[in-house]
$ cat structure.txt   # compact mmCIF, C-alpha atoms and all ligand atoms
# COMPACT_ATOMS: atom_id res chain seq x y z
CA MET V 1 18.98 5.34 -17.71
CA ASN V 2 15.85 5.93 -19.73
CA ALA V 3 15.45 8.61 -22.35
CA PRO V 4 14.51 11.96 -20.77
CA LEU V 5 10.77 12.62 -20.67
CA PRO V 6 9.44 14.97 -23.32
CA LYS V 7 8.55 18.36 -21.88
CA ALA V 8 4.88 18.75 -21.00
CA PRO V 9 2.98 21.95 -20.11
CA ILE V 10 3.40 23.09 -16.51
CA ASN V 11 0.48 22.46 -14.16
CA TRP V 12 0.30 25.78 -12.33
CA ILE V 13 -2.20 24.70 -9.68
CA ALA V 14 0.12 21.87 -8.69
CA VAL V 15 3.11 24.23 -8.71
CA PHE V 16 1.21 26.55 -6.35
CA ALA V 17 0.35 23.74 -3.92
CA LEU V 18 3.59 21.77 -4.13
CA VAL V 19 6.26 24.43 -4.68
CA PHE V 20 4.90 27.83 -3.69
CA LEU V 21 3.32 26.74 -0.37
CA PRO V 22 6.53 25.03 0.86
CA ILE V 23 8.47 28.24 0.05
CA VAL V 24 5.95 30.24 2.09
CA ALA V 25 6.28 27.70 4.92
CA VAL V 26 10.07 27.85 4.98
CA ILE V 27 9.91 31.63 5.39
CA ALA V 28 6.79 32.14 7.50
CA ILE V 29 7.13 29.36 10.10
CA PRO V 30 10.63 30.25 11.41
CA LEU V 31 9.74 33.96 11.33
CA TYR V 32 6.60 33.39 13.35
CA ALA V 33 8.46 31.11 15.77
CA TYR V 34 11.10 33.81 16.26
CA HIS V 35 8.59 36.52 17.05
CA HIS V 36 5.75 34.69 18.79
CA ASP V 37 6.53 31.06 19.65
CA PHE V 38 4.08 28.29 18.90
CA SER V 39 1.72 27.09 21.60
CA LEU V 40 1.63 23.42 22.63
CA GLY V 41 -1.90 23.28 21.20
CA ALA V 42 -0.59 24.33 17.78
CA TRP V 43 2.03 21.55 17.88
CA ILE V 44 -0.61 19.00 18.88
CA SER V 45 -2.84 20.22 16.06
CA LEU V 46 0.02 19.46 13.64
CA PHE V 47 0.08 15.78 14.62
CA VAL V 48 -3.66 15.28 15.00
CA LEU V 49 -4.51 16.97 11.71
CA LEU V 50 -1.64 15.16 9.96
CA GLY V 51 -3.20 11.87 11.05
CA MET V 52 -6.62 13.02 9.99
CA SER V 53 -5.65 14.03 6.46
CA SER V 54 -3.27 11.11 5.90
CA LEU V 55 -5.80 8.51 7.05
CA GLY V 56 -8.37 10.13 4.78
CA ILE V 57 -6.03 9.26 1.92
CA THR V 58 -4.93 5.80 3.08
CA ALA V 59 -8.26 4.44 4.38
CA GLY V 60 -10.45 6.48 2.04
CA TYR V 61 -8.88 7.43 -1.29
CA HIS V 62 -6.61 4.39 -1.41
CA ARG V 63 -8.10 1.32 0.24
CA LEU V 64 -11.80 2.18 -0.05
CA TRP V 65 -12.14 3.99 -3.36
CA ALA V 66 -9.10 2.96 -5.43
CA HIS V 67 -9.15 -0.72 -4.38
CA ARG V 68 -12.63 -1.40 -2.98
CA ALA V 69 -10.91 -3.38 -0.23
CA TYR V 70 -14.00 -2.96 2.00
CA GLU V 71 -17.43 -1.38 1.97
CA ALA V 72 -18.21 1.77 3.92
CA THR V 73 -21.54 3.15 5.10
CA LEU V 74 -22.58 6.60 3.91
CA PRO V 75 -21.55 8.39 7.13
CA LEU V 76 -18.08 6.81 6.98
CA LYS V 77 -17.75 7.71 3.30
CA ILE V 78 -18.60 11.32 4.06
CA ILE V 79 -16.12 11.46 6.93
CA LEU V 80 -13.35 9.92 4.80
CA MET V 81 -14.17 12.25 1.92
CA ILE V 82 -13.82 15.28 4.21
CA MET V 83 -10.57 13.95 5.72
CA GLY V 84 -9.19 13.24 2.22
CA THR V 85 -10.27 16.64 0.91
CA PHE V 86 -8.28 18.16 3.78
CA ALA V 87 -5.15 16.44 2.35
CA VAL V 88 -5.45 18.37 -0.94
CA GLN V 89 -4.39 15.61 -3.34
CA ASN V 90 -6.95 16.29 -6.05
CA SER V 91 -10.39 14.62 -6.13
CA ILE V 92 -11.07 11.01 -5.19
CA LEU V 93 -12.09 10.28 -8.78
CA PHE V 94 -8.83 11.58 -10.27
CA TRP V 95 -6.66 10.05 -7.54
CA ALA V 96 -8.24 6.60 -7.45
CA SER V 97 -8.46 6.24 -11.22
CA GLY V 98 -4.80 7.23 -11.62
CA HIS V 99 -3.85 4.84 -8.85
CA ARG V 100 -5.62 1.95 -10.59
CA THR V 101 -3.56 2.78 -13.69
CA HIS V 102 -0.43 2.70 -11.52
CA HIS V 103 -1.25 -0.84 -10.36
CA ARG V 104 -2.17 -2.03 -13.82
CA HIS V 105 0.93 -0.66 -15.55
CA VAL V 106 3.35 -0.49 -12.62
CA ASP V 107 6.90 0.50 -13.65
CA ASP V 108 5.92 1.14 -17.29
CA VAL V 109 7.65 4.41 -18.19
CA GLU V 110 4.84 5.51 -20.46
CA LYS V 111 1.70 4.13 -18.86
CA ASP V 112 2.35 4.18 -15.10
CA PRO V 113 1.47 7.77 -14.06
CA TYR V 114 4.27 7.75 -11.45
CA SER V 115 6.66 5.13 -12.72
CA ILE V 116 9.81 4.87 -10.61
CA ASN V 117 11.65 4.01 -13.82
CA ASN V 118 11.40 7.70 -14.69
CA GLY V 119 13.49 8.46 -11.61
CA PHE V 120 12.92 9.35 -7.95
CA TRP V 121 11.98 12.97 -8.59
CA TYR V 122 9.40 12.11 -11.23
CA ALA V 123 7.75 9.37 -9.15
CA HIS V 124 7.78 11.53 -6.02
CA ILE V 125 6.49 14.86 -7.27
CA GLY V 126 7.60 15.61 -10.85
CA TRP V 127 4.70 13.74 -12.44
CA MET V 128 2.26 16.26 -10.96
CA LEU V 129 4.13 19.46 -11.83
CA ARG V 130 3.60 19.03 -15.55
CA ASN V 131 0.61 17.63 -17.43
CA TYR V 132 2.19 14.39 -18.60
CA PRO V 133 0.01 12.17 -20.82
CA ALA V 134 0.40 9.19 -18.44
CA ALA V 135 -1.35 11.10 -15.64
CA GLU V 136 -4.14 12.45 -17.82
CA ALA V 137 -7.59 11.86 -16.38
CA ASN V 138 -9.38 8.97 -18.03
CA TYR V 139 -12.10 7.39 -15.97
CA LYS V 140 -12.61 4.29 -18.08
CA ASN V 141 -11.21 2.22 -15.24
CA ALA V 142 -13.57 3.74 -12.67
CA PRO V 143 -17.22 3.12 -13.64
CA ASP V 144 -17.98 2.32 -9.99
CA LEU V 145 -16.66 5.70 -8.90
CA LEU V 146 -18.66 7.51 -11.55
CA ASN V 147 -21.72 6.01 -9.86
CA ASP V 148 -20.66 6.92 -6.34
CA LYS V 149 -22.59 9.98 -5.16
CA VAL V 150 -20.02 11.02 -2.55
CA VAL V 151 -17.18 10.75 -5.07
CA MET V 152 -19.03 12.70 -7.73
CA PHE V 153 -20.16 15.39 -5.31
CA GLN V 154 -16.58 15.92 -4.17
CA ASP V 155 -15.30 15.97 -7.75
CA LYS V 156 -17.87 18.58 -8.76
CA TYR V 157 -17.28 20.94 -5.84
CA TYR V 158 -13.64 20.11 -5.20
CA ILE V 159 -12.10 23.60 -4.88
CA PRO V 160 -14.94 25.11 -2.76
CA LEU V 161 -14.80 21.98 -0.58
CA VAL V 162 -11.03 22.32 -0.05
CA ILE V 163 -11.52 25.94 1.01
CA ALA V 164 -14.53 25.17 3.23
CA VAL V 165 -12.88 22.19 4.96
CA HIS V 166 -9.78 24.24 5.72
CA ALA V 167 -11.76 27.23 6.91
CA VAL V 168 -13.96 25.18 9.24
CA ILE V 169 -11.29 22.87 10.65
CA LEU V 170 -8.56 25.46 11.11
CA THR V 171 -10.76 28.15 12.65
CA THR V 172 -12.44 25.65 14.97
CA VAL V 173 -9.16 24.13 16.16
CA GLY V 174 -7.46 27.55 16.26
CA TRP V 175 -10.26 28.95 18.39
CA ALA V 176 -10.30 25.87 20.65
CA VAL V 177 -6.58 26.04 21.44
CA GLY V 178 -6.51 29.85 21.47
CA ASP V 179 -3.68 30.14 18.93
CA MET V 180 -5.22 30.84 15.55
CA TRP V 181 -2.01 31.72 13.66
CA GLY V 182 -0.08 28.90 15.28
CA VAL V 183 -2.71 26.40 14.15
CA VAL V 184 -2.90 27.90 10.64
CA LEU V 185 0.88 27.63 10.23
CA LEU V 186 1.50 24.25 11.89
CA GLY V 187 -1.84 22.41 11.67
CA GLY V 188 -2.61 24.01 8.32
CA LEU V 189 0.49 24.75 6.28
CA LEU V 190 3.21 22.50 7.71
CA ARG V 191 0.75 19.63 8.14
CA LEU V 192 -0.30 19.90 4.49
CA ILE V 193 3.29 19.77 3.23
CA LEU V 194 4.17 16.80 5.47
CA SER V 195 1.02 14.95 4.52
CA HIS V 196 1.80 15.50 0.83
CA HIS V 197 5.30 14.09 1.05
CA VAL V 198 4.21 11.19 3.24
CA THR V 199 1.91 10.06 0.43
CA PHE V 200 4.50 10.81 -2.26
CA PHE V 201 7.02 8.58 -0.50
CA ILE V 202 4.76 5.62 -1.27
CA ASN V 203 5.22 6.28 -4.98
CA SER V 204 8.93 7.02 -4.75
CA LEU V 205 10.79 5.39 -1.83
CA CYS V 206 8.37 2.46 -1.48
CA HIS V 207 9.39 1.50 -5.01
CA MET V 208 13.11 1.78 -4.23
CA TRP V 209 14.01 0.93 -0.68
CA GLY V 210 13.12 -2.26 1.18
CA LYS V 211 12.54 -5.95 0.77
CA ARG V 212 10.54 -7.96 -1.71
CA PRO V 213 9.16 -10.94 0.23
CA TYR V 214 6.12 -11.61 -1.99
CA THR V 215 7.06 -10.77 -5.58
CA ASP V 216 9.96 -9.42 -7.58
CA GLU V 217 7.92 -8.81 -10.67
CA ASN V 218 7.68 -5.11 -9.90
CA THR V 219 9.72 -2.53 -7.98
CA ALA V 220 7.39 -2.26 -4.93
CA ARG V 221 9.08 -2.85 -1.54
CA ASP V 222 8.12 -3.65 2.02
CA ASN V 223 9.70 -1.20 4.41
CA PHE V 224 8.95 -0.90 8.13
CA VAL V 225 10.43 2.60 8.46
CA LEU V 226 8.27 3.85 5.62
CA ALA V 227 5.25 2.06 7.10
CA ILE V 228 5.64 4.23 10.19
CA ALA V 229 5.77 7.40 8.10
CA THR V 230 2.93 6.39 5.80
CA TRP V 231 0.29 5.10 8.23
CA GLY V 232 0.90 1.50 7.24
CA GLU V 233 1.26 1.87 3.48
CA GLY V 234 4.96 1.00 3.58
CA TYR V 235 4.25 -2.70 3.06
CA HIS V 236 4.04 -1.90 -0.58
CA ASN V 237 5.41 -5.18 -1.97
CA TYR V 238 2.54 -7.05 -0.35
CA HIS V 239 0.14 -4.39 -1.53
CA HIS V 240 1.20 -4.65 -5.16
CA ILE V 241 0.68 -8.40 -5.32
CA PHE V 242 -2.57 -8.44 -3.31
CA GLN V 243 -4.04 -4.99 -3.88
CA TYR V 244 -7.59 -5.90 -2.83
CA ASP V 245 -6.63 -6.82 0.72
CA TYR V 246 -7.74 -4.15 3.19
CA ARG V 247 -4.48 -4.77 5.03
CA ASN V 248 -1.09 -3.66 3.72
CA GLY V 249 0.79 -4.90 6.76
CA VAL V 250 -0.79 -8.33 6.57
CA LYS V 251 0.89 -9.91 9.59
CA TRP V 252 -0.87 -9.13 12.84
CA TRP V 253 2.25 -7.52 14.29
CA GLN V 254 2.98 -5.26 11.32
CA TYR V 255 2.47 -1.54 11.91
CA ASP V 256 -0.57 -0.62 9.87
CA PRO V 257 -2.80 1.97 11.61
CA THR V 258 -4.96 2.21 8.47
CA LYS V 259 -5.82 -1.47 8.78
CA TRP V 260 -6.65 -1.00 12.49
CA LEU V 261 -8.87 1.97 11.66
CA ILE V 262 -10.81 0.03 9.01
CA TRP V 263 -11.12 -2.99 11.30
CA SER V 264 -12.36 -0.78 14.16
CA CYS V 265 -14.90 0.84 11.83
CA SER V 266 -16.18 -2.64 10.95
CA LYS V 267 -16.62 -3.43 14.64
CA VAL V 268 -18.92 -0.44 15.17
CA GLY V 269 -20.92 -1.07 12.00
CA LEU V 270 -19.40 1.66 9.83
CA ALA V 271 -17.61 -0.73 7.47
CA LYS V 272 -18.22 -4.26 6.26
CA ASN V 273 -17.01 -6.97 3.87
CA LEU V 274 -13.34 -6.37 4.63
CA ARG V 275 -11.46 -8.27 1.95
CA ARG V 276 -8.66 -10.58 3.02
CA ILE V 277 -6.49 -12.68 0.73
CA PRO V 278 -6.58 -16.30 2.00
CA SER V 279 -3.50 -16.95 4.10
CA PHE V 280 -2.69 -19.93 1.91
CA ASN V 281 -2.20 -17.68 -1.15
CA ILE V 282 -0.04 -15.32 0.88
CA LYS V 283 2.18 -18.14 2.14
CA LYS V 284 2.41 -19.56 -1.36
CA ALA V 285 3.70 -16.26 -2.75
CA GLU V 286 6.10 -15.83 0.16
CA LEU V 287 7.47 -19.34 -0.15
CA ALA V 288 7.88 -19.15 -3.93
CA MET V 289 10.00 -16.04 -3.37
CA ARG V 290 12.07 -17.80 -0.72
CA PHE V 291 12.89 -20.55 -3.16
CA LYS V 292 13.81 -17.97 -5.75
CA TYR V 293 16.17 -16.25 -3.31
CA ALA V 294 17.59 -19.62 -2.23
CA GLU V 295 18.33 -20.40 -5.87
CA GLN V 296 20.02 -17.04 -6.31
CA ASP V 297 22.16 -17.61 -3.20
CA LEU V 298 23.08 -21.07 -4.39
CA ALA V 299 24.09 -19.65 -7.74
CA VAL V 300 26.53 -17.40 -5.89
CA TYR V 301 27.93 -19.96 -3.45
CA GLY V 302 26.91 -23.24 -5.00
CA HIS V 303 29.81 -23.72 -7.39
CA ASN V 304 32.11 -24.49 -4.48
CA VAL V 305 32.73 -28.16 -3.93
CA ASN V 306 31.83 -28.57 -0.32
CA GLU V 307 30.00 -31.32 1.43
CA ASP V 308 27.69 -29.03 3.45
CA MET V 309 26.85 -27.11 0.36
CA ALA V 310 26.06 -30.20 -1.63
CA THR V 311 23.76 -31.41 1.17
CA ALA V 312 22.07 -28.02 1.38
CA LYS V 313 21.55 -27.99 -2.35
CA LEU V 314 19.97 -31.40 -2.24
CA ARG V 315 17.70 -30.47 0.68
CA ILE V 316 16.50 -27.34 -1.07
CA ALA V 317 15.76 -29.35 -4.21
CA GLN V 318 13.77 -31.83 -2.09
CA GLU V 319 11.94 -29.05 -0.31
CA TYR V 320 11.06 -27.52 -3.63
CA GLU V 321 9.63 -30.79 -4.84
CA ALA V 322 7.53 -31.07 -1.68
CA PHE V 323 6.37 -27.50 -2.15
CA THR V 324 5.26 -28.24 -5.70
CA GLN V 325 3.43 -31.30 -4.44
CA THR V 326 1.68 -29.17 -1.82
CA LEU V 327 0.58 -26.73 -4.49
CA ASN V 328 -0.77 -29.59 -6.60
CA ASP V 329 -2.74 -30.87 -3.60
CA TRP V 330 -4.15 -27.43 -3.14
CA ALA V 331 -5.17 -27.22 -6.79
CA LYS V 332 -6.99 -30.57 -6.44
CA LEU V 333 -8.80 -29.32 -3.35
CA LYS V 334 -9.90 -26.23 -5.21
CA GLU V 335 -11.17 -28.38 -8.09
CA GLN V 336 -13.21 -30.46 -5.62
CA GLU V 337 -14.67 -27.28 -4.21
CA ILE V 338 -15.73 -26.10 -7.66
CA GLN V 339 -17.26 -29.49 -8.49
CA ALA V 340 -19.18 -29.47 -5.20
CA LYS V 341 -20.62 -26.09 -6.02
CA LYS V 342 -21.51 -27.19 -9.54
CA ALA V 343 -23.32 -30.26 -8.22
CA SER V 344 -25.32 -27.89 -5.99
CA VAL V 345 -26.41 -30.70 -3.68
CA ALA V 346 -26.57 -29.01 -0.33
CA GLU V 347 -25.56 -32.03 1.73
CA LYS V 348 -22.72 -32.94 -0.58
CA ILE V 349 -21.42 -29.40 -0.60
CA HIS V 350 -21.49 -29.40 3.16
CA GLN V 351 -19.58 -32.69 3.34
CA ILE V 352 -16.88 -31.63 0.90
CA ASP V 353 -16.66 -28.20 2.45
CA SER V 354 -15.86 -29.60 5.86
CA LYS V 355 -13.40 -32.08 4.38
CA LEU V 356 -11.86 -29.24 2.43
CA LYS V 357 -11.48 -27.21 5.56
CA VAL V 358 -9.50 -29.97 7.29
CA ASP V 359 -7.42 -30.72 4.19
CA PHE V 360 -6.77 -27.08 3.63
CA GLN V 361 -5.44 -26.74 7.15
CA LEU V 362 -3.13 -29.71 6.58
CA VAL V 363 -1.82 -28.22 3.35
CA GLU V 364 -1.28 -24.93 5.10
CA GLN V 365 0.61 -26.63 7.93
CA ARG V 366 2.88 -28.29 5.39
CA LEU V 367 3.60 -24.95 3.78
CA VAL V 368 4.56 -23.49 7.14
CA HIS V 369 6.79 -26.49 7.71
CA HIS V 370 8.53 -26.00 4.34
CA ARG V 371 9.02 -22.37 5.12
CA ASP V 372 10.66 -23.11 8.47
CA THR V 373 12.94 -25.74 6.97
CA LEU V 374 13.97 -23.37 4.25
CA LYS V 375 14.70 -20.66 6.79
CA ILE V 376 17.10 -22.97 8.65
CA LEU V 377 18.79 -24.08 5.44
CA MET V 378 19.33 -20.54 4.29
CA ARG V 379 20.68 -19.50 7.66
CA ASN V 380 23.26 -22.29 7.43
CA ILE V 381 24.29 -21.29 3.94
CA LYS V 382 24.71 -17.66 4.96
CA LYS V 383 26.63 -18.63 8.09
CA ASN V 384 29.06 -20.83 6.18
CA PRO V 385 29.57 -19.24 2.81
CA VAL V 386 32.44 -21.13 1.28
CA SER V 387 34.97 -18.80 -0.22
CA GLU V 388 37.21 -19.97 -3.04
ZN ZN V 401 3.01 1.44 -6.01
ZN ZN V 402 -2.72 0.73 -4.21
$ encode --input "structure.txt" --output "structure tokens"
Amino acid sequence: MNAPLPKAPINWIAVFALVFLPIVAVIAIPLYAYHHDFSLGAWISLFVLLGMSSLGITAGYHRLWAHRAYEATLPLKIILMIMGTFAVQNSILFWASGHRTHHRHVDDVEKDPYSINNGFWYAHIGWMLRNYPAAEANYKNAPDLLNDKVVMFQDKYYIPLVIAVHAVILTTVGWAVGDMWGVVLLGGLLRLILSHHVTFFINSLCHMWGKRPYTDENTARDNFVLAIATWGEGYHNYHHIFQYDYRNGVKWWQYDPTKWLIWSCSKVGLAKNLRRIPSFNIKKAELAMRFKYAEQDLAVYGHNVNEDMATAKLRIAQEYEAFTQTLNDWAKLKEQEIQAKKASVAEKIHQIDSKLKVDFQLVEQRLVHHRDTLKILMRNIKKNPVSE
């Protein structure tokens, strides 16, 4: 275990929001339920407002402002700013700048503001309760945000905005469903606590629990269960290797409501330039990891003298060679593309571009083929592990 963190001064505002409010909730909500009962409308407000504040963080604070994974029109920015303010996780500027530091120095006990290597508690909530140097505001990594009018407006008027957003939303919803106190307690208080911990899980559990299909160079994990809880942010291993992709659940079937929201916004003209990592790069990362895992499995089982195992070993070695060849082909294609652009002869560029497209598809098909072969090989090894 690492050396214990040096004590830092307590952040009393954070203690109020993250410790005091949950204590109030634990006492007030059961008491109110005992004496009055909550209306159905109040329960619905809990889920709707939880979605609203969480998506403000995931689609707004995280994917728009921290990563610039897409561009948003002014009306969408304002809506996301209001939704994110309702989540009470400090200003966009502070949040997004700190998050960029997290990506840059992930897992570093001193530089990552919420490094999991300082333990679950620290990564989940502890880093906010004291003013640790790693989480200190430093906006050197956010010149774009310093020039963003919506971001700077919110940063300047953050506390009045938090109060105003809560007052307007909670009184409007409370009045609409005819259960003001029910909405304040469930849609206001309980929703805020849940929405806090949902986000915090991304920094804690998403760096501990799950699979690493794309990279094992950091602790980030892909986890379907956490994706459900976190509005799609649970595919954190993918996110840490390709942070500029507007999708975290990159496969079409992966549960990522944030990605669907951004995509839908682009369809109605509220968002544009959604950034996607080329599928070739994604497959390349995935396949490289598969080979790595295959090697690790072989290291465990491979010392047994067994005919099947020897064949499997040989096949994997051959597959790996083919994979390397495929990557070389791809590098050549890329070089051609660059040369074509340098030559800046329109017709030539067009010719090479279309050739590139076809070649690229072929290379991609070969990668898929390697992946499938590898899958079968690994299944066989796992089915017939040879014991000594
Ligand atoms: Zn992370
Ligand atoms: Zn991120």
$ residues_near_ligand --input "structure.txt" --ligand "ligand ZN 401 (chain V)" --cutoff "12 Å" --atoms "only C-alpha atoms and all ligand atoms" --output "ChimeraX atom specification"
/V:62,98-108,112-117,123-124,199-208,218-222,233-243,248
$ residues_around --input "structure.txt" --residues "stretch 40-51 of chain V" --least-positions-apart "4" --cutoff "9 Å" --atoms "all atoms listed in the file" --output "list in words"
Leu55, Gly56, Phe86, Ala87, Val173, Gly174, Ala176, Val177, Gly178, Asp179, Met180, Trp181, Gly182, Val183, Val184, Leu185, Leu186, Gly187, Gly188, Leu190, Arg191, Leu192, Leu194, Ser195 and Trp231 of chain V
$ atom_distance --input "structure.txt" --atom1 "atom CA of V:Ile125" --atom2 "atom CA of V:Tyr255"
25.6 Å
$ closest_residue --input "structure.txt" --among "V:Leu333, V:Ile23, V:Leu5, V:Ile262" --to "V:Thr73" --atoms "all atoms listed in the file"
V:Ile262
$ closest_residue --input "structure.txt" --among "V:Tyr244, V:Trp260, V:Phe224, V:Phe323" --to "ligand ZN 402 (chain V)" --atoms "only C-alpha atoms and all ligand atoms"
V:Tyr244
$ closest_residue --input "structure.txt" --among "V:Ser54, V:Gln336, V:Gln296, V:Ser264" --to "V:Met81" --atoms "all atoms listed in the file"
V:Ser54
$ closest_residue --input "structure.txt" --among "V:Val109, V:Leu362, V:Leu146, V:Phe120" --to "V:Trp209" --atoms "all atoms listed in the file"
V:Phe120
$ closest_residue --input "structure.txt" --among "V:Lys7, V:Lys341, V:Lys156, V:Arg247" --to "ligand ZN 402 (chain V)" --atoms "all atoms listed in the file"
V:Arg247
$ atom_distance --input "structure.txt" --atom1 "atom CA of V:Ala167" --atom2 "atom CA of V:Met52"
15.4 Å
$ atom_distance --input "structure.txt" --atom1 "atom CA of V:Glu295" --atom2 "atom CA of V:Lys313"
9.0 Å
$ closest_residue --input "structure.txt" --among "V:Ala17, V:Ala285, V:Leu270, V:Ala142" --to "V:Ile79" --atoms "only C-alpha atoms"
V:Leu270
$ build_atoms --input "structure.txt" --residues "stretch 195-209 of chain V" --atoms "N, CA, C and O atoms" --output "PDB file, keeping the file's coordinate frame"
ATOM      1  N   SER V 195       1.957  15.983   4.955  1.00  0.00           N
ATOM      2  CA  SER V 195       1.020  14.950   4.520  1.00  0.00           C
ATOM      3  C   SER V 195       1.176  14.668   3.013  1.00  0.00           C
ATOM      4  O   SER V 195       1.050  13.537   2.561  1.00  0.00           O
ATOM      5  N   HIS V 196       1.519  15.718   2.245  1.00  0.00           N
ATOM      6  CA  HIS V 196       1.800  15.500   0.830  1.00  0.00           C
ATOM      7  C   HIS V 196       2.976  14.540   0.651  1.00  0.00           C
ATOM      8  O   HIS V 196       2.877  13.533  -0.033  1.00  0.00           O
ATOM      9  N   HIS V 197       4.083  14.873   1.307  1.00  0.00           N
ATOM     10  CA  HIS V 197       5.300  14.090   1.050  1.00  0.00           C
ATOM     11  C   HIS V 197       5.212  12.676   1.620  1.00  0.00           C
ATOM     12  O   HIS V 197       5.821  11.754   1.083  1.00  0.00           O
ATOM     13  N   VAL V 198       4.426  12.533   2.701  1.00  0.00           N
ATOM     14  CA  VAL V 198       4.210  11.190   3.240  1.00  0.00           C
ATOM     15  C   VAL V 198       3.570  10.311   2.161  1.00  0.00           C
ATOM     16  O   VAL V 198       4.007   9.190   1.904  1.00  0.00           O
ATOM     17  N   THR V 199       2.544  10.841   1.501  1.00  0.00           N
ATOM     18  CA  THR V 199       1.910  10.060   0.430  1.00  0.00           C
ATOM     19  C   THR V 199       2.872   9.866  -0.740  1.00  0.00           C
ATOM     20  O   THR V 199       2.962   8.775  -1.305  1.00  0.00           O
ATOM     21  N   PHE V 200       3.606  10.915  -1.091  1.00  0.00           N
ATOM     22  CA  PHE V 200       4.500  10.810  -2.260  1.00  0.00           C
ATOM     23  C   PHE V 200       5.594   9.763  -2.045  1.00  0.00           C
ATOM     24  O   PHE V 200       6.056   9.151  -3.006  1.00  0.00           O
ATOM     25  N   PHE V 201       5.998   9.589  -0.776  1.00  0.00           N
ATOM     26  CA  PHE V 201       7.020   8.580  -0.500  1.00  0.00           C
ATOM     27  C   PHE V 201       6.570   7.183  -0.939  1.00  0.00           C
ATOM     28  O   PHE V 201       7.385   6.340  -1.296  1.00  0.00           O
ATOM     29  N   ILE V 202       5.255   6.954  -0.889  1.00  0.00           N
ATOM     30  CA  ILE V 202       4.760   5.620  -1.270  1.00  0.00           C
ATOM     31  C   ILE V 202       5.060   5.381  -2.749  1.00  0.00           C
ATOM     32  O   ILE V 202       5.412   4.289  -3.157  1.00  0.00           O
ATOM     33  N   ASN V 203       4.950   6.432  -3.551  1.00  0.00           N
ATOM     34  CA  ASN V 203       5.220   6.280  -4.980  1.00  0.00           C
ATOM     35  C   ASN V 203       6.708   6.288  -5.302  1.00  0.00           C
ATOM     36  O   ASN V 203       7.134   5.742  -6.311  1.00  0.00           O
ATOM     37  N   SER V 204       7.496   6.938  -4.449  1.00  0.00           N
ATOM     38  CA  SER V 204       8.930   7.020  -4.750  1.00  0.00           C
ATOM     39  C   SER V 204       9.704   5.995  -3.929  1.00  0.00           C
ATOM     40  O   SER V 204      10.064   4.924  -4.434  1.00  0.00           O
ATOM     41  N   LEU V 205       9.926   6.270  -2.640  1.00  0.00           N
ATOM     42  CA  LEU V 205      10.790   5.390  -1.830  1.00  0.00           C
ATOM     43  C   LEU V 205      10.259   3.965  -1.703  1.00  0.00           C
ATOM     44  O   LEU V 205      11.039   3.019  -1.677  1.00  0.00           O
ATOM     45  N   CYS V 206       8.928   3.815  -1.622  1.00  0.00           N
ATOM     46  CA  CYS V 206       8.370   2.460  -1.480  1.00  0.00           C
ATOM     47  C   CYS V 206       8.552   1.635  -2.746  1.00  0.00           C
ATOM     48  O   CYS V 206       8.223   0.452  -2.776  1.00  0.00           O
ATOM     49  N   HIS V 207       9.050   2.271  -3.800  1.00  0.00           N
ATOM     50  CA  HIS V 207       9.390   1.500  -5.010  1.00  0.00           C
ATOM     51  C   HIS V 207      10.909   1.400  -5.171  1.00  0.00           C
ATOM     52  O   HIS V 207      11.400   1.018  -6.229  1.00  0.00           O
ATOM     53  N   MET V 208      11.648   1.795  -4.118  1.00  0.00           N
ATOM     54  CA  MET V 208      13.110   1.780  -4.230  1.00  0.00           C
ATOM     55  C   MET V 208      13.797   1.069  -3.078  1.00  0.00           C
ATOM     56  O   MET V 208      14.809   0.411  -3.249  1.00  0.00           O
ATOM     57  N   TRP V 209      13.252   1.253  -1.885  1.00  0.00           N
ATOM     58  CA  TRP V 209      14.010   0.930  -0.680  1.00  0.00           C
ATOM     59  C   TRP V 209      13.226  -0.049   0.170  1.00  0.00           C
ATOM     60  O   TRP V 209      12.126   0.267   0.615  1.00  0.00           O
TER      61      TRP V 209
END
